[in-house]
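J.: This is the structure, below, for whatever I ask next.
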Amino acid sequence: RLVHAYLLKQEALEALAGEMCSRDAPPPPPPPLCHPLKWRPGVVEVAEASLAACRAANPQGLSEEVLSMRAKDGREVTFTVDQLEAFYAMRDSMLTEWGYLQAEEFGDEEPAPPPQPRRPLPRAFAAAFDPVLESSALLCFMAWEGLDPAGDLTVKVRLPQEQWE
């Protein structure tokens with residue numbers, strides 16, 4: 001039983017060790033706490049604590065009906081509908097990076113790849129944001145963690161380099 005519990009944590013602990021180890025070149029920026037990678041067994045505690053603080057400050061989440069929220073630094077932030085759409089796209093990009101969603105095809109001439117099984121979300125992530133694709137709490141938590149709705153959506157969802165260094 002203990003071995004099984006350790007094996008569940010091994011992938012997350014190896015990723016955390018890779019982020020924290022010393023090396024000649026800096027490691028790639030880690031994902032923000034709203035990313036499923038931060039919700040795996042063994043490293044989920046920090047993400048859960050940050051979500052609890054976000055929910056205490058913003059019990060209604062962020063949606064088309066509620067376009068404003070209190071940021072982590074305490075200031076009131078209001079988003080436009082276009083920025084909310086950008087958060088939807090970032091959410092989809094993040095879930096695609098994890099493997100929960102499949103990447104969309106961009107051309108009709110390209111053959112569609114064979115269907116791949118979706119990677120299940122970490123249990124804690126799924127429980128916190130169920131249903132994930134309709135969760136106003138996830139969008140709010142993404143904003144709480146500093147994701148910029150005006151940022152480039154073609155890159156993977158990662159912390160900005162200046163925040164990581």
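Ordering of the structure tokens sets the chain letters (A, B, ...); residue numbers start at 1 within each chain; ligands are numbered from 1 in the order shown.
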Taking the DSSP assignment computed from this structure's backbone, write out as a PyMOL selection string all residues of chain A that belong to strand (DSSP E or B).
T.: chain A and resi 68-70+76-78
J.: Show me, as a PDB file with N, CA and C atoms, in the first residue's frame, the residues that have an atom within 9 Å of region 65-78 of chain A when counting only C-alpha atoms, minus same-chain residues fewer than 4 positions from it.
T.:
```
ATOM      1  N   ALA A  53      -7.504  30.328  -0.986  1.00  0.00           N
ATOM      2  CA  ALA A  53      -7.419  31.788  -0.843  1.00  0.00           C
ATOM      3  C   ALA A  53      -8.183  32.483  -1.969  1.00  0.00           C
ATOM      4  N   CYS A  54      -8.082  31.953  -3.189  1.00  0.00           N
ATOM      5  CA  CYS A  54      -8.802  32.518  -4.333  1.00  0.00           C
ATOM      6  C   CYS A  54     -10.307  32.419  -4.126  1.00  0.00           C
ATOM      7  N   ALA A  57     -11.669  34.907  -1.596  1.00  0.00           N
ATOM      8  CA  ALA A  57     -11.752  36.272  -2.113  1.00  0.00           C
ATOM      9  C   ALA A  57     -12.763  36.402  -3.243  1.00  0.00           C
ATOM     10  N   ASN A  58     -13.035  35.295  -3.954  1.00  0.00           N
ATOM     11  CA  ASN A  58     -13.899  35.323  -5.136  1.00  0.00           C
ATOM     12  C   ASN A  58     -14.846  34.128  -5.141  1.00  0.00           C
ATOM     13  N   GLN A  60     -17.763  33.667  -6.292  1.00  0.00           N
ATOM     14  CA  GLN A  60     -18.590  33.458  -7.485  1.00  0.00           C
ATOM     15  C   GLN A  60     -17.780  33.044  -8.708  1.00  0.00           C
ATOM     16  N   GLY A  61     -16.451  33.048  -8.612  1.00  0.00           N
ATOM     17  CA  GLY A  61     -15.629  32.679  -9.754  1.00  0.00           C
ATOM     18  C   GLY A  61     -15.600  33.787 -10.794  1.00  0.00           C
ATOM     19  N   LEU A  84     -12.134  37.247 -21.414  1.00  0.00           N
ATOM     20  CA  LEU A  84     -12.696  35.999 -20.919  1.00  0.00           C
ATOM     21  C   LEU A  84     -12.554  34.900 -21.974  1.00  0.00           C
ATOM     22  N   CYS A 140     -11.265  31.807 -12.825  1.00  0.00           N
ATOM     23  CA  CYS A 140     -10.900  32.755 -11.781  1.00  0.00           C
ATOM     24  C   CYS A 140      -9.528  32.413 -11.203  1.00  0.00           C
ATOM     25  N   ALA A 143      -6.724  33.520 -13.462  1.00  0.00           N
ATOM     26  CA  ALA A 143      -6.458  34.953 -13.315  1.00  0.00           C
ATOM     27  C   ALA A 143      -5.758  35.228 -11.985  1.00  0.00           C
ATOM     28  N   TRP A 144      -6.184  34.554 -10.925  1.00  0.00           N
ATOM     29  CA  TRP A 144      -5.578  34.690  -9.601  1.00  0.00           C
ATOM     30  C   TRP A 144      -4.088  34.367  -9.651  1.00  0.00           C
ATOM     31  N   GLU A 145      -3.743  33.354 -10.435  1.00  0.00           N
ATOM     32  CA  GLU A 145      -2.349  32.920 -10.541  1.00  0.00           C
ATOM     33  C   GLU A 145      -1.538  33.752 -11.530  1.00  0.00           C
ATOM     34  N   GLY A 146      -2.147  34.780 -12.102  1.00  0.00           N
ATOM     35  CA  GLY A 146      -1.395  35.738 -12.910  1.00  0.00           C
ATOM     36  C   GLY A 146      -1.331  35.459 -14.391  1.00  0.00           C
TER      37      GLY A 146
END
```
J.: What lies within 9 Å of region 14-26 of chain A using only C-alpha atoms, ignoring chain neighbours under 4 positions off, as a PDB file with N, CA, C and O atoms, in the first residue's frame?
T.:
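result.pdb, freshly written:
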```pdb
ATOM      1  N   LYS A   9       3.010   9.286  -6.520  1.00  0.00           N
ATOM      2  CA  LYS A   9       3.667  10.582  -6.332  1.00  0.00           C
ATOM      3  C   LYS A   9       4.956  10.715  -7.141  1.00  0.00           C
ATOM      4  O   LYS A   9       5.458  11.813  -7.320  1.00  0.00           O
ATOM      5  N   GLN A  10       5.512   9.620  -7.624  1.00  0.00           N
ATOM      6  CA  GLN A  10       6.842   9.631  -8.214  1.00  0.00           C
ATOM      7  C   GLN A  10       6.978  10.607  -9.384  1.00  0.00           C
ATOM      8  O   GLN A  10       7.927  11.379  -9.439  1.00  0.00           O
ATOM      9  N   PRO A  30       8.287  26.812 -14.634  1.00  0.00           N
ATOM     10  CA  PRO A  30       7.300  25.814 -14.217  1.00  0.00           C
ATOM     11  C   PRO A  30       5.891  26.269 -14.582  1.00  0.00           C
ATOM     12  O   PRO A  30       5.645  27.453 -14.789  1.00  0.00           O
ATOM     13  N   LEU A  37      -0.529  19.829 -13.849  1.00  0.00           N
ATOM     14  CA  LEU A  37       0.759  19.308 -13.382  1.00  0.00           C
ATOM     15  C   LEU A  37       1.011  19.620 -11.905  1.00  0.00           C
ATOM     16  O   LEU A  37       1.716  18.879 -11.226  1.00  0.00           O
ATOM     17  N   VAL A  43       2.506  16.941  -4.696  1.00  0.00           N
ATOM     18  CA  VAL A  43       2.804  18.370  -4.842  1.00  0.00           C
ATOM     19  C   VAL A  43       1.541  19.231  -4.829  1.00  0.00           C
ATOM     20  O   VAL A  43       1.608  20.421  -5.078  1.00  0.00           O
ATOM     21  N   GLU A 165      12.592  33.529 -12.336  1.00  0.00           N
ATOM     22  CA  GLU A 165      13.995  33.757 -11.966  1.00  0.00           C
ATOM     23  C   GLU A 165      14.138  34.382 -10.601  1.00  0.00           C
ATOM     24  O   GLU A 165      13.332  34.889  -9.977  1.00  0.00           O
TER      25      GLU A 165
END
```
J.: List the neighbours of Ala49 (chain A) out to 12 Å using only C-alpha atoms; skip same-chain residues closer than 6 positions along the sequence, and give me the result as JSON, numbers by chain.
T.: {"A": [33, 34, 38, 39, 43, 55, 56, 128, 141]}
J.: How far is it from CA of Arg118 (chain A) to CA of Leu147 (chain A), in Å with one decimal?
T.: 24.6 Å
J.: What does the distance from CA of Arg123 (chain A) to CA of Arg1 (chain A) come to in Å, to one decimal?
T.: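 These atoms are spaced 18.2 Å apart.
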J.: What is the distance between CA of Leu101 (chain A) and CA of Arg119 (chain A), in Å to one decimal?
T.: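 Pair CA of Leu101 (chain A) / CA of Arg119 (chain A) returns 8.0 Å.
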J.: Would you kindly return, as a PyMOL selection string, each protein, DNA or RNA residue with an atom no farther than 9 Å from any atom of Leu95 (chain A), considering only C-alpha atoms and excluding same-chain residues fewer than 4 positions away?
T.: chain A and resi 35-36+90-91+99-102+121
J.: Hey, can you spit out that residue selection with N, CA, C and O atoms as a PDB file, in the first residue's frame?
T.:
```pdb
ATOM      1  N   HIS A  35      -2.385  24.774 -13.317  1.00  0.00           N
ATOM      2  CA  HIS A  35      -2.124  23.718 -14.307  1.00  0.00           C
ATOM      3  C   HIS A  35      -2.278  22.348 -13.654  1.00  0.00           C
ATOM      4  O   HIS A  35      -1.888  22.161 -12.499  1.00  0.00           O
ATOM      5  N   PRO A  36      -2.837  21.370 -14.357  1.00  0.00           N
ATOM      6  CA  PRO A  36      -2.978  20.027 -13.768  1.00  0.00           C
ATOM      7  C   PRO A  36      -1.661  19.424 -13.272  1.00  0.00           C
ATOM      8  O   PRO A  36      -1.662  18.621 -12.344  1.00  0.00           O
ATOM      9  N   MET A  90      -6.813  29.785 -23.187  1.00  0.00           N
ATOM     10  CA  MET A  90      -5.683  29.362 -22.355  1.00  0.00           C
ATOM     11  C   MET A  90      -6.026  28.094 -21.580  1.00  0.00           C
ATOM     12  O   MET A  90      -5.193  27.201 -21.435  1.00  0.00           O
ATOM     13  N   ARG A  91      -7.265  28.016 -21.076  1.00  0.00           N
ATOM     14  CA  ARG A  91      -7.697  26.804 -20.382  1.00  0.00           C
ATOM     15  C   ARG A  91      -7.607  25.599 -21.309  1.00  0.00           C
ATOM     16  O   ARG A  91      -7.065  24.557 -20.946  1.00  0.00           O
ATOM     17  N   GLY A  99      -3.043  16.669 -21.822  1.00  0.00           N
ATOM     18  CA  GLY A  99      -3.501  15.486 -22.532  1.00  0.00           C
ATOM     19  C   GLY A  99      -4.967  15.180 -22.310  1.00  0.00           C
ATOM     20  O   GLY A  99      -5.483  14.183 -22.802  1.00  0.00           O
ATOM     21  N   TYR A 100      -5.646  16.045 -21.579  1.00  0.00           N
ATOM     22  CA  TYR A 100      -7.072  15.846 -21.324  1.00  0.00           C
ATOM     23  C   TYR A 100      -7.897  16.117 -22.583  1.00  0.00           C
ATOM     24  O   TYR A 100      -8.841  15.398 -22.877  1.00  0.00           O
ATOM     25  N   LEU A 101      -7.544  17.177 -23.308  1.00  0.00           N
ATOM     26  CA  LEU A 101      -8.202  17.495 -24.576  1.00  0.00           C
ATOM     27  C   LEU A 101      -7.273  17.115 -25.714  1.00  0.00           C
ATOM     28  O   LEU A 101      -6.055  17.144 -25.566  1.00  0.00           O
ATOM     29  N   GLN A 102      -7.850  16.799 -26.864  1.00  0.00           N
ATOM     30  CA  GLN A 102      -7.042  16.518 -28.041  1.00  0.00           C
ATOM     31  C   GLN A 102      -6.843  17.802 -28.819  1.00  0.00           C
ATOM     32  O   GLN A 102      -7.731  18.655 -28.866  1.00  0.00           O
ATOM     33  N   LEU A 121      -7.547  13.679 -15.688  1.00  0.00           N
ATOM     34  CA  LEU A 121      -7.029  14.759 -14.845  1.00  0.00           C
ATOM     35  C   LEU A 121      -6.685  14.212 -13.470  1.00  0.00           C
ATOM     36  O   LEU A 121      -7.277  13.232 -13.015  1.00  0.00           O
TER      37      LEU A 121
END
```
